[in-house]
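The data block below is input-v2.pdb; it holds PDB, C-alpha atoms.
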MODEL        1
ATOM      1  CA  MET A   1       6.929  12.232  19.389
ATOM      2  CA  ASP A   2       6.122  13.984  22.660
ATOM      3  CA  GLU A   3       5.411  17.201  20.857
ATOM      4  CA  ARG A   4       3.119  15.495  18.368
ATOM      5  CA  GLU A   5       1.206  13.751  21.120
ATOM      6  CA  GLN A   6       0.735  16.996  22.962
ATOM      7  CA  ARG A   7      -0.549  18.664  19.858
ATOM      8  CA  HIS A   8      -2.960  15.792  19.260
ATOM      9  CA  GLU A   9      -4.101  15.990  22.827
ATOM     10  CA  GLN A  10      -4.780  19.697  22.658
ATOM     11  CA  SER A  11      -6.773  19.381  19.466
ATOM     12  CA  GLY A  12      -8.587  16.396  20.915
ATOM     13  CA  VAL A  13      -9.619  18.328  23.987
ATOM     14  CA  SER A  14     -10.804  21.358  22.068
ATOM     15  CA  GLU A  15     -13.053  19.272  19.835
ATOM     16  CA  THR A  16     -14.738  17.475  22.712
ATOM     17  CA  PRO A  17     -17.454  19.206  24.674
ATOM     18  CA  GLY A  18     -15.920  17.824  27.852
ATOM     19  CA  GLU A  19     -14.755  20.501  30.181
ATOM     20  CA  SER A  20     -14.786  17.598  32.591
ATOM     21  CA  PRO A  21     -11.386  16.038  33.289
ATOM     22  CA  ASP A  22     -13.086  12.682  32.722
ATOM     23  CA  TRP A  23     -12.867  13.035  28.931
ATOM     24  CA  LYS A  24      -9.253  14.059  29.195
ATOM     25  CA  ARG A  25      -8.333  10.991  31.186
ATOM     26  CA  GLY A  26     -10.081   8.716  28.677
ATOM     27  CA  LEU A  27      -8.320  10.408  25.759
ATOM     28  CA  VAL A  28      -4.787   9.799  27.010
ATOM     29  CA  LYS A  29      -4.612   6.095  26.136
ATOM     30  CA  PRO A  30      -5.970   6.274  22.554
ATOM     31  CA  LEU A  31      -3.786   9.292  21.817
ATOM     32  CA  MET A  32      -0.688   7.523  23.099
ATOM     33  CA  GLY A  33      -1.645   4.501  20.992
ATOM     34  CA  LEU A  34      -2.199   6.638  17.899
ATOM     35  CA  GLY A  35       1.101   8.507  18.332
ATOM     36  CA  ALA A  36       3.104   5.325  18.888
ATOM     37  CA  SER A  37       1.378   3.583  15.948
ATOM     38  CA  ILE A  38       2.096   6.478  13.573
ATOM     39  CA  VAL A  39       5.765   6.486  14.544
ATOM     40  CA  LEU A  40       6.096   2.692  14.210
ATOM     41  CA  THR A  41       4.235   2.581  10.872
ATOM     42  CA  LEU A  42       6.381   5.313   9.355
ATOM     43  CA  ALA A  43       9.466   3.555  10.718
ATOM     44  CA  SER A  44       8.379   0.317   8.998
ATOM     45  CA  PHE A  45       7.867   2.024   5.636
ATOM     46  CA  TRP A  46      11.173   3.827   6.023
ATOM     47  CA  ALA A  47      13.009   0.614   6.951
ATOM     48  CA  ALA A  48      11.619  -1.215   3.904
ATOM     49  CA  GLY A  49      12.935   1.386   1.467
ATOM     50  CA  THR A  50      16.108   2.726   2.990
ATOM     51  CA  PRO A  51      19.598   1.833   1.805
ATOM     52  CA  LEU A  52      20.910   2.716   5.272
ATOM     53  CA  VAL A  53      20.005  -0.635   6.809
ATOM     54  CA  TRP A  54      22.017  -3.711   5.883
ATOM     55  CA  GLY A  55      19.827  -5.681   3.445
ATOM     56  CA  PRO A  56      19.528  -9.046   5.234
ATOM     57  CA  GLY A  57      18.708  -7.190   8.455
ATOM     58  CA  VAL A  58      15.622  -5.477   7.023
ATOM     59  CA  PRO A  59      13.160  -8.402   7.533
ATOM     60  CA  VAL A  60      14.250  -8.720  11.157
ATOM     61  CA  LEU A  61      13.789  -5.000  11.706
ATOM     62  CA  LEU A  62      10.360  -5.103  10.031
ATOM     63  CA  ALA A  63       9.316  -8.049  12.198
ATOM     64  CA  ALA A  64      10.436  -6.244  15.358
ATOM     65  CA  LEU A  65       8.533  -3.091  14.372
ATOM     66  CA  ALA A  66       5.386  -5.092  13.533
ATOM     67  CA  ILE A  67       5.478  -6.972  16.837
ATOM     68  CA  GLY A  68       5.969  -3.672  18.669
ATOM     69  CA  GLN A  69       3.010  -2.158  16.877
ATOM     70  CA  MET A  70       0.809  -5.156  17.630
ATOM     71  CA  GLY A  71       1.767  -4.729  21.287
ATOM     72  CA  VAL A  72       0.834  -1.042  21.140
ATOM     73  CA  HIS A  73      -2.572  -1.960  19.702
ATOM     74  CA  LEU A  74      -3.159  -4.651  22.305
ATOM     75  CA  VAL A  75      -2.337  -2.372  25.224
ATOM     76  CA  PHE A  76      -3.743   0.982  24.101
ATOM     77  CA  PHE A  77      -6.727  -0.033  21.948
ATOM     78  CA  LEU A  78      -7.729  -3.523  23.046
ATOM     79  CA  HIS A  79      -6.911  -2.686  26.686
ATOM     80  CA  VAL A  80      -5.188  -5.969  27.424
ATOM     81  CA  SER A  81      -3.722  -5.536  30.877
ATOM     82  CA  SER A  82      -2.129  -7.610  33.590
ATOM     83  CA  GLY A  83      -4.892  -6.688  36.046
ATOM     84  CA  PRO A  84      -6.904  -9.367  37.848
ATOM     85  CA  GLU A  85      -9.563  -9.409  35.107
ATOM     86  CA  GLY A  86      -6.925  -9.599  32.402
ATOM     87  CA  THR A  87      -5.393 -12.904  33.479
ATOM     88  CA  ASN A  88      -7.755 -15.061  31.434
ATOM     89  CA  THR A  89      -7.426 -12.742  28.451
ATOM     90  CA  ILE A  90      -3.649 -12.987  28.526
ATOM     91  CA  LEU A  91      -3.701 -16.775  28.904
ATOM     92  CA  ALA A  92      -6.006 -17.059  25.886
ATOM     93  CA  LEU A  93      -3.799 -14.626  23.959
ATOM     94  CA  ALA A  94      -0.683 -16.660  24.778
ATOM     95  CA  PHE A  95      -2.376 -19.811  23.498
ATOM     96  CA  GLY A  96      -3.520 -17.993  20.359
ATOM     97  CA  VAL A  97       0.000 -16.743  19.651
ATOM     98  CA  PHE A  98       1.310 -20.267  20.185
ATOM     99  CA  VAL A  99      -1.141 -21.758  17.668
ATOM    100  CA  VAL A 100      -0.473 -19.013  15.128
ATOM    101  CA  ALA A 101       3.293 -19.529  15.396
ATOM    102  CA  LEU A 102       2.837 -23.292  15.078
ATOM    103  CA  VAL A 103       0.660 -22.981  11.960
ATOM    104  CA  VAL A 104       2.788 -20.375  10.178
ATOM    105  CA  PHE A 105       6.305 -21.591  10.987
ATOM    106  CA  GLY A 106       5.279 -25.249  10.900
ATOM    107  CA  SER A 107       3.862 -24.837   7.378
ATOM    108  CA  MET A 108       6.944 -22.973   6.215
ATOM    109  CA  VAL A 109       9.358 -25.592   7.578
ATOM    110  CA  ILE A 110       7.341 -28.567   6.304
ATOM    111  CA  MET A 111       6.810 -27.089   2.847
ATOM    112  CA  ALA A 112      10.461 -26.068   2.489
ATOM    113  CA  ASN A 113      11.450 -29.593   3.490
ATOM    114  CA  LEU A 114       9.012 -31.149   1.004
ATOM    115  CA  ASP A 115      10.206 -28.787  -1.694
ATOM    116  CA  ALA A 116      13.814 -29.784  -1.089
ATOM    117  CA  GLY A 117      12.872 -33.480  -1.137
ATOM    118  CA  MET A 118      10.755 -33.291  -4.310
ATOM    119  CA  THR A 119      12.327 -34.462  -7.497
ATOM    120  CA  GLY A 120      10.132 -32.298  -9.733
ATOM    121  CA  LEU A 121      11.010 -31.477 -13.326
ATOM    122  CA  ASP A 122      14.506 -30.209 -12.561
ATOM    123  CA  GLY A 123      15.280 -33.315 -10.570
ATOM    124  CA  LEU A 124      13.984 -35.639 -13.287
ATOM    125  CA  THR A 125      16.104 -34.074 -15.991
ATOM    126  CA  ARG A 126      19.084 -34.275 -13.653
ATOM    127  CA  MET A 127      18.415 -37.974 -13.080
ATOM    128  CA  GLN A 128      18.130 -38.712 -16.806
ATOM    129  CA  ARG A 129      21.632 -37.528 -17.433
TER     130      ARG A 129
ATOM    131  CA  MET B 130      -7.554   5.253  53.827
ATOM    132  CA  ASN B 131      -9.423   3.135  56.312
ATOM    133  CA  ALA B 132     -12.223   2.350  53.907
ATOM    134  CA  SER B 133      -9.899   1.310  51.102
ATOM    135  CA  ALA B 134      -7.863  -0.828  53.461
ATOM    136  CA  SER B 135     -10.976  -2.646  54.638
ATOM    137  CA  THR B 136     -12.205  -3.354  51.087
ATOM    138  CA  ILE B 137      -8.824  -4.848  50.240
ATOM    139  CA  VAL B 138      -9.110  -7.119  53.281
ATOM    140  CA  VAL B 139     -12.587  -8.203  52.208
ATOM    141  CA  GLU B 140     -11.370  -8.984  48.692
ATOM    142  CA  ILE B 141      -8.598 -11.133  50.031
ATOM    143  CA  GLU B 142     -10.864 -12.937  52.499
ATOM    144  CA  ILE B 143     -13.427 -14.064  49.889
ATOM    145  CA  PRO B 144     -11.877 -16.784  47.732
ATOM    146  CA  ILE B 145     -12.232 -16.249  44.006
ATOM    147  CA  SER B 146     -14.484 -19.306  43.703
ATOM    148  CA  GLU B 147     -17.038 -17.780  46.067
ATOM    149  CA  ARG B 148     -17.251 -14.280  44.645
ATOM    150  CA  GLY B 149     -20.055 -15.158  42.274
ATOM    151  CA  PRO B 150     -20.180 -14.636  38.529
ATOM    152  CA  SER B 151     -18.124 -11.851  36.949
ATOM    153  CA  PRO B 152     -19.953  -8.790  35.635
ATOM    154  CA  ARG B 153     -21.598  -9.197  32.223
ATOM    155  CA  LYS B 154     -19.080  -6.848  30.597
ATOM    156  CA  VAL B 155     -16.151  -9.073  31.583
ATOM    157  CA  ILE B 156     -17.825 -12.310  30.472
ATOM    158  CA  VAL B 157     -19.023 -10.953  27.120
ATOM    159  CA  GLY B 158     -15.631  -9.377  26.454
ATOM    160  CA  TYR B 159     -13.831 -12.627  27.226
ATOM    161  CA  GLY B 160     -16.127 -14.700  25.029
ATOM    162  CA  PHE B 161     -15.677 -12.319  22.135
ATOM    163  CA  TRP B 162     -11.931 -12.289  22.727
ATOM    164  CA  LEU B 163     -11.901 -16.076  22.246
ATOM    165  CA  PHE B 164     -13.789 -15.653  18.959
ATOM    166  CA  LEU B 165     -11.248 -13.042  17.829
ATOM    167  CA  LEU B 166      -8.364 -15.378  18.602
ATOM    168  CA  SER B 167     -10.010 -18.127  16.551
ATOM    169  CA  ASP B 168     -10.459 -15.616  13.739
ATOM    170  CA  ILE B 169      -6.772 -14.722  13.950
ATOM    171  CA  ILE B 170      -5.923 -18.438  13.732
ATOM    172  CA  LEU B 171      -7.977 -18.521  10.507
ATOM    173  CA  PHE B 172      -5.834 -15.678   9.208
ATOM    174  CA  SER B 173      -2.692 -17.517  10.308
ATOM    175  CA  ALA B 174      -3.571 -20.335   7.877
ATOM    176  CA  LEU B 175      -3.834 -17.803   5.038
ATOM    177  CA  PHE B 176      -0.576 -16.173   6.167
ATOM    178  CA  ALA B 177       1.085 -19.597   6.116
ATOM    179  CA  ALA B 178      -0.221 -20.232   2.586
ATOM    180  CA  TYR B 179       1.093 -16.849   1.469
ATOM    181  CA  ALA B 180       4.478 -17.377   3.120
ATOM    182  CA  VAL B 181       4.859 -20.731   1.356
ATOM    183  CA  LEU B 182       3.611 -19.547  -2.057
ATOM    184  CA  SER B 183       4.948 -15.983  -2.196
ATOM    185  CA  GLY B 184       7.794 -16.972  -4.514
ATOM    186  CA  ARG B 185       5.669 -19.074  -6.904
ATOM    187  CA  THR B 186       4.870 -16.486  -9.545
ATOM    188  CA  ALA B 187       4.746 -18.974 -12.456
ATOM    189  CA  GLY B 188       6.566 -16.485 -14.666
ATOM    190  CA  GLY B 189       3.981 -13.819 -13.871
ATOM    191  CA  PRO B 190       4.500 -10.520 -12.092
ATOM    192  CA  GLY B 191       5.874 -10.578  -8.546
ATOM    193  CA  GLY B 192       5.129  -8.404  -5.552
ATOM    194  CA  VAL B 193       7.746  -5.765  -6.353
ATOM    195  CA  GLN B 194       6.140  -5.036  -9.739
ATOM    196  CA  LEU B 195       2.561  -5.090  -8.460
ATOM    197  CA  PHE B 196       2.539  -3.257  -5.133
ATOM    198  CA  HIS B 197       2.657   0.489  -4.660
ATOM    199  CA  ARG B 198       4.016   1.659  -1.325
ATOM    200  CA  HIS B 199       2.044   4.924  -1.375
ATOM    201  CA  THR B 200      -1.295   3.140  -1.729
ATOM    202  CA  VAL B 201      -0.382   0.810   1.110
ATOM    203  CA  LEU B 202       0.676   3.705   3.329
ATOM    204  CA  ALA B 203      -2.648   5.461   2.612
ATOM    205  CA  GLU B 204      -4.572   2.257   3.386
ATOM    206  CA  THR B 205      -2.643   1.808   6.623
ATOM    207  CA  GLY B 206      -3.342   5.415   7.615
ATOM    208  CA  CYS B 207      -7.079   4.989   6.928
ATOM    209  CA  LEU B 208      -7.286   1.901   9.125
ATOM    210  CA  LEU B 209      -5.179   3.401  11.906
ATOM    211  CA  PHE B 210      -7.231   6.586  12.132
ATOM    212  CA  SER B 211     -10.394   4.518  11.834
ATOM    213  CA  SER B 212      -9.224   2.558  14.882
ATOM    214  CA  PHE B 213      -8.598   5.808  16.711
ATOM    215  CA  ALA B 214     -12.076   7.096  15.790
ATOM    216  CA  CYS B 215     -13.482   3.813  17.087
ATOM    217  CA  ALA B 216     -11.679   4.384  20.421
ATOM    218  CA  MET B 217     -13.246   7.880  20.540
ATOM    219  CA  MET B 218     -16.624   6.270  19.891
ATOM    220  CA  SER B 219     -16.052   3.936  22.854
ATOM    221  CA  LEU B 220     -15.335   6.959  25.085
ATOM    222  CA  ALA B 221     -18.594   8.585  23.963
ATOM    223  CA  ILE B 222     -20.451   5.336  24.674
ATOM    224  CA  GLU B 223     -19.021   5.142  28.194
ATOM    225  CA  ARG B 224     -20.351   8.643  28.785
ATOM    226  CA  ARG B 225     -23.680   7.897  27.058
ATOM    227  CA  ARG B 226     -23.320  10.793  24.593
ATOM    228  CA  ARG B 227     -25.304   9.790  21.548
ATOM    229  CA  GLY B 228     -24.254  12.729  19.370
ATOM    230  CA  TRP B 229     -20.545  12.071  19.903
ATOM    231  CA  MET B 230     -21.086   8.345  19.472
ATOM    232  CA  VAL B 231     -22.650   8.953  16.055
ATOM    233  CA  ALA B 232     -19.814  11.314  15.108
ATOM    234  CA  GLY B 233     -17.235   8.674  16.114
ATOM    235  CA  ALA B 234     -19.141   5.969  14.246
ATOM    236  CA  ALA B 235     -19.350   8.167  11.138
ATOM    237  CA  ALA B 236     -15.605   8.849  11.204
ATOM    238  CA  THR B 237     -14.897   5.132  11.738
ATOM    239  CA  PHE B 238     -17.195   4.223   8.849
ATOM    240  CA  VAL B 239     -15.853   6.803   6.399
ATOM    241  CA  LEU B 240     -12.223   5.845   7.046
ATOM    242  CA  GLY B 241     -13.033   2.139   6.843
ATOM    243  CA  ALA B 242     -14.904   2.685   3.575
ATOM    244  CA  ALA B 243     -11.976   4.730   2.232
ATOM    245  CA  PHE B 244      -9.696   1.795   3.034
ATOM    246  CA  LEU B 245     -12.007  -0.596   1.203
ATOM    247  CA  GLY B 246     -12.222   1.764  -1.764
ATOM    248  CA  LEU B 247      -8.425   1.959  -2.052
ATOM    249  CA  GLU B 248      -8.118  -1.809  -1.765
ATOM    250  CA  LEU B 249     -10.790  -2.521  -4.384
ATOM    251  CA  THR B 250      -9.194  -0.004  -6.771
ATOM    252  CA  GLU B 251      -5.883  -1.803  -6.287
ATOM    253  CA  PHE B 252      -7.476  -5.210  -6.886
ATOM    254  CA  GLY B 253      -9.293  -3.896  -9.959
ATOM    255  CA  ALA B 254      -6.092  -2.500 -11.455
ATOM    256  CA  MET B 255      -4.244  -5.764 -10.833
ATOM    257  CA  ILE B 256      -6.964  -7.876 -12.416
ATOM    258  CA  ALA B 257      -7.181  -5.487 -15.388
ATOM    259  CA  HIS B 258      -3.444  -5.974 -15.961
ATOM    260  CA  GLY B 259      -3.856  -9.739 -16.086
ATOM    261  CA  ALA B 260      -2.635 -10.274 -12.514
ATOM    262  CA  GLY B 261      -5.830 -11.792 -11.113
ATOM    263  CA  PRO B 262      -6.028 -14.641  -8.599
ATOM    264  CA  ASP B 263      -5.910 -17.169 -11.443
ATOM    265  CA  ARG B 264      -2.498 -16.016 -12.710
ATOM    266  CA  SER B 265      -0.182 -17.760 -10.234
ATOM    267  CA  ALA B 266      -0.066 -19.463  -6.839
ATOM    268  CA  PHE B 267       1.445 -16.280  -5.412
ATOM    269  CA  LEU B 268      -1.524 -14.211  -6.610
ATOM    270  CA  SER B 269      -4.066 -16.791  -5.404
ATOM    271  CA  ALA B 270      -2.539 -16.649  -1.933
ATOM    272  CA  PHE B 271      -2.370 -12.844  -2.087
ATOM    273  CA  PHE B 272      -6.022 -12.395  -3.040
ATOM    274  CA  ALA B 273      -7.136 -14.980  -0.473
ATOM    275  CA  LEU B 274      -5.266 -13.300   2.390
ATOM    276  CA  VAL B 275      -5.839  -9.625   1.587
ATOM    277  CA  GLY B 276      -9.348 -10.320   0.286
ATOM    278  CA  MET B 277     -10.263 -12.109   3.521
ATOM    279  CA  HIS B 278      -9.142  -9.073   5.494
ATOM    280  CA  GLY B 279     -11.154  -6.815   3.186
ATOM    281  CA  LEU B 280     -14.181  -9.068   3.657
ATOM    282  CA  HIS B 281     -13.826  -8.710   7.420
ATOM    283  CA  VAL B 282     -13.675  -4.924   7.052
ATOM    284  CA  SER B 283     -16.874  -4.961   4.943
ATOM    285  CA  ILE B 284     -18.648  -7.089   7.552
ATOM    286  CA  GLY B 285     -17.425  -4.687  10.234
ATOM    287  CA  LEU B 286     -18.874  -1.709   8.334
ATOM    288  CA  ALA B 287     -22.273  -3.405   8.043
ATOM    289  CA  TRP B 288     -22.129  -4.265  11.744
ATOM    290  CA  LEU B 289     -21.311  -0.652  12.610
ATOM    291  CA  VAL B 290     -24.335   0.647  10.700
ATOM    292  CA  SER B 291     -26.565  -1.833  12.495
ATOM    293  CA  MET B 292     -25.102  -0.787  15.877
ATOM    294  CA  VAL B 293     -25.876   2.882  15.239
ATOM    295  CA  ALA B 294     -29.425   1.882  14.324
ATOM    296  CA  GLN B 295     -29.688  -0.136  17.536
ATOM    297  CA  VAL B 296     -28.529   2.795  19.649
ATOM    298  CA  PHE B 297     -31.311   4.891  18.104
ATOM    299  CA  THR B 298     -34.066   2.274  18.378
ATOM    300  CA  LEU B 299     -33.138   0.424  21.580
ATOM    301  CA  GLY B 300     -31.174   3.082  23.465
ATOM    302  CA  TRP B 301     -28.346   2.420  25.905
ATOM    303  CA  ARG B 302     -29.420  -1.031  27.043
ATOM    304  CA  PRO B 303     -26.709  -3.278  28.535
ATOM    305  CA  MET B 304     -27.266  -5.601  25.570
ATOM    306  CA  VAL B 305     -26.517  -2.799  23.113
ATOM    307  CA  THR B 306     -23.462  -1.449  24.945
ATOM    308  CA  ALA B 307     -22.057  -5.000  25.182
ATOM    309  CA  ARG B 308     -22.444  -5.386  21.400
ATOM    310  CA  LEU B 309     -20.781  -2.033  20.857
ATOM    311  CA  ALA B 310     -17.865  -3.147  23.037
ATOM    312  CA  CYS B 311     -17.568  -6.305  20.916
ATOM    313  CA  PHE B 312     -17.585  -4.245  17.732
ATOM    314  CA  SER B 313     -14.749  -2.097  19.010
ATOM    315  CA  LEU B 314     -12.703  -5.218  19.886
ATOM    316  CA  PHE B 315     -13.392  -6.591  16.372
ATOM    317  CA  TRP B 316     -12.307  -3.365  14.683
ATOM    318  CA  HIS B 317      -9.054  -3.090  16.628
ATOM    319  CA  ALA B 318      -8.279  -6.773  16.013
ATOM    320  CA  LEU B 319      -8.678  -6.191  12.256
ATOM    321  CA  ASP B 320      -6.082  -3.467  12.515
ATOM    322  CA  ILE B 321      -3.696  -5.934  14.174
ATOM    323  CA  VAL B 322      -4.215  -8.349  11.271
ATOM    324  CA  TRP B 323      -3.513  -5.492   8.836
ATOM    325  CA  ILE B 324      -0.172  -4.844  10.565
ATOM    326  CA  GLY B 325       0.759  -8.426   9.669
ATOM    327  CA  VAL B 326      -0.529  -7.974   6.107
ATOM    328  CA  PHE B 327       1.342  -4.782   5.290
ATOM    329  CA  THR B 328       4.555  -5.997   6.919
ATOM    330  CA  ILE B 329       4.643  -9.480   5.377
ATOM    331  CA  VAL B 330       2.841  -8.970   2.051
ATOM    332  CA  TYR B 331       3.626  -5.416   1.005
ATOM    333  CA  LEU B 332       6.865  -4.425   2.759
ATOM    334  CA  GLY B 333       8.291  -7.932   2.641
ATOM    335  CA  ALA B 334       7.772  -8.235  -1.144
ATOM    336  CA  ARG B 335      10.893  -9.361  -2.903
TER     337      ARG B 335
ENDMDL
END
Can you dump the structure from the file as structure tokens?
Amino acid sequence: MDEREQRHEQSGVSETPGESPDWKRGLVKPLMGLGASIVLTLASFWAAGTPLVWGPGVPVLLAALAIGQMGVHLVFFLHVSSGPEGTNTILALAFGVFVVALVVFGSMVIMANLDAGMTGLDGLTRMQR
Amino acid sequence: MNASASTIVVEIEIPISERGPSPRKVIVGYGFWLFLLSDIILFSALFAAYAVLSGRTAGGPGGVQLFHRHTVLAETGCLLFSSFACAMMSLAIERRRRGWMVAGAAATFVLGAAFLGLELTEFGAMIAHGAGPDRSAFLSAFFALVGMHGLHVSIGLAWLVSMVAQVFTLGWRPMVTARLACFSLFWHALDIVWIGVFTIVYLGAR
């Protein structure tokens, strides 16, 4: 990964007009984000198709890789930081994550529960016997 | 050394409530960040619908038969490199280089359009094979979720074109650079949503 990032960085520098170190400093973060994202994406696609990982463990691995990649995007592309100006951003983000988790997992739990409690066609035929 | 030490003292002495309003960049960025979070909550509802309905194929084709990993990998690559091009565009904007900004915007646009093209081809093929949104609850949820993301990408592309036009007609006004900063936040946030889509919908297909 280091080697790839270096190669990206070199090509990035040569295609910019900037002899100034200013461009170079600005390029570091996006390049690190790109390198990390490429590695994590390829890892996800590999994990989904490989027989090397124990089947029931694959969703957990995919979830971990996706969360890692979202973190990479937040830090390197959206520039979410723990600096003084980032406090409000992070608080809002935490609330957003909370609501998203509530909506998604809440729906799944409630609907699974309803599904289990429904009689439905199968249940009706069972009751008729 | 002395100067920096004294500024730190000053910062500590003035309470945060008396420092006056934050710079425009911080306020605009925060406001747009709140919009993005509300947009992500909208997506979370569609994700929830998909998670609940993903097994309800009504005897129709399921995800494993319909999705092609190579297409999804190509789509993911397009969006990722588009995000990177957008970050390059932001660097050019910070340095007020119009030529490089246009180059970054063009790369962002082309990659975003390539993503849309791949997605529409995929949708077209599915509908042609009788696997349209009316086939099963699973497909309705799929088209709603992935289609909503595609709709956001299309809106982003239109926005990008209008931003390039604004840079040419209005120049580097604070208003224009603030809008450009919002666009870049929007574009990166769409990529975060796509990470959820390709992990849950495409890679998680059973």
List every protein, DNA or RNA residue that has an atom no more than 12 Å from (-27.2, -2.6, 22.8) in the file's coordinate frame, counting all atoms listed in the file, and report them as a list of chain:residue names.
->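 Residues with an atom at most 12 Å from (-27.2, -2.6, 22.8): B:Ile222, B:Arg225, B:Leu289, B:Ser291, B:Met292, B:Val293, B:Ala294, B:Gln295, B:Val296, B:Phe297, B:Thr298, B:Leu299, B:Gly300, B:Trp301, B:Arg302, B:Pro303, B:Met304, B:Val305, B:Thr306, B:Ala307, B:Arg308, B:Leu309, B:Ala310, B:Cys311, B:Phe312.
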Evaluate the PyMOL selection byres ((chain B) within 9 of (chain A)) and record the selected residues as a PyMOL selection string, following the chain and residue labels used in the document.
-> chain B and resi 155+159+162-163+166-167+169-178+180-181+198+202+205-206+209-210+212-213+216-217+220-221+224+229+313-314+317-318+320-322+324-325+328-329+332-333
Between CA of Cys215 (chain B) and CA of Ile284 (chain B) lies a distance of 15.4 Å
Applied to this file, what does the PyMOL selection byres ((chain B and resi 249) around 12) return in terms of residues, put as number ranges by chain?
-> B: 200, 204, 242-248, 250-257, 272, 275-276, 278-280, 283
Prev. selection, C-alpha atoms, output as a CSV table (one decimal), in the coordinates of the input:
chain,number,residue,atom,x,y,z
B,200,THR,CA,-1.3,3.1,-1.7
B,204,GLU,CA,-4.6,2.3,3.4
B,242,ALA,CA,-14.9,2.7,3.6
B,243,ALA,CA,-12.0,4.7,2.2
B,244,PHE,CA,-9.7,1.8,3.0
B,245,LEU,CA,-12.0,-0.6,1.2
B,246,GLY,CA,-12.2,1.8,-1.8
B,247,LEU,CA,-8.4,2.0,-2.1
B,248,GLU,CA,-8.1,-1.8,-1.8
B,250,THR,CA,-9.2,0.0,-6.8
B,251,GLU,CA,-5.9,-1.8,-6.3
B,252,PHE,CA,-7.5,-5.2,-6.9
B,253,GLY,CA,-9.3,-3.9,-10.0
B,254,ALA,CA,-6.1,-2.5,-11.5
B,255,MET,CA,-4.2,-5.8,-10.8
B,256,ILE,CA,-7.0,-7.9,-12.4
B,257,ALA,CA,-7.2,-5.5,-15.4
B,272,PHE,CA,-6.0,-12.4,-3.0
B,275,VAL,CA,-5.8,-9.6,1.6
B,276,GLY,CA,-9.3,-10.3,0.3
B,278,HIS,CA,-9.1,-9.1,5.5
B,279,GLY,CA,-11.2,-6.8,3.2
B,280,LEU,CA,-14.2,-9.1,3.7
B,283,SER,CA,-16.9,-5.0,4.9
Quick one: distance from CA of Ile156 (chain B) to CA of Pro84 (chain A) in Å, one decimal?
->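 According to the coordinates, CA of Ile156 (chain B) and CA of Pro84 (chain A) are separated by 13.5 Å.
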Between CA of Ala236 (chain B) and CA of Ser211 (chain B), what is the distance, to one decimal in Å?
->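 Distance between the two atoms: 6.8 Å.
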Pick from B:Leu274, B:Gly261, B:Ala234, B:Arg185: nearest to Ala287 (chain B), with only C-alpha atoms counted?
->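 Residue with the minimum atom-to-atom distance to Ala287 (chain B): B:Ala234.
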Using all atoms listed in the file: which of B:Gly160, B:Val290, B:Thr237, B:Ala270 has the shortest distance to Trp316 (chain B) = B:Thr237
Build an axis-aligned box that encloses every atom of region 105-108 of chain A listed in the file, pad it by 8 Å on each side, and report its centre and edge lengths in Å to one decimal, as lines of an AutoDock Vina configuration file.
center_x = 5.4
center_y = -23.4
center_z = 8.6
size_x = 19.1
size_y = 19.7
size_z = 20.8
Reconstruct N, CA and C atoms of region 165-175 of chain B from the incomplete input and present them as a compact mmCIF listing (two decimals), in the coordinates of the input.
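Result saved to rebuild-v4.txt:
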# COMPACT_ATOMS: atom_id res chain seq x y z
N LEU B 165 -12.25 -13.79 18.59
CA LEU B 165 -11.25 -13.04 17.83
C LEU B 165 -9.98 -13.87 17.66
N LEU B 166 -9.57 -14.57 18.72
CA LEU B 166 -8.36 -15.38 18.60
C LEU B 166 -8.56 -16.49 17.58
N SER B 167 -9.78 -17.08 17.55
CA SER B 167 -10.01 -18.13 16.55
C SER B 167 -10.00 -17.53 15.15
N ASP B 168 -10.48 -16.29 15.03
CA ASP B 168 -10.46 -15.62 13.74
C ASP B 168 -9.02 -15.36 13.30
N ILE B 169 -8.17 -14.99 14.27
CA ILE B 169 -6.77 -14.72 13.95
C ILE B 169 -6.08 -16.02 13.54
N ILE B 170 -6.50 -17.15 14.13
CA ILE B 170 -5.92 -18.44 13.73
C ILE B 170 -6.33 -18.76 12.28
N LEU B 171 -7.57 -18.38 11.91
CA LEU B 171 -7.98 -18.52 10.51
C LEU B 171 -7.04 -17.73 9.60
N PHE B 172 -6.75 -16.49 10.01
CA PHE B 172 -5.83 -15.68 9.21
C PHE B 172 -4.44 -16.30 9.18
N SER B 173 -4.04 -16.95 10.27
CA SER B 173 -2.69 -17.52 10.31
C SER B 173 -2.55 -18.59 9.23
N ALA B 174 -3.64 -19.33 8.94
CA ALA B 174 -3.57 -20.34 7.88
C ALA B 174 -3.33 -19.65 6.53
N LEU B 175 -4.02 -18.52 6.31
CA LEU B 175 -3.83 -17.80 5.04
C LEU B 175 -2.44 -17.18 4.97
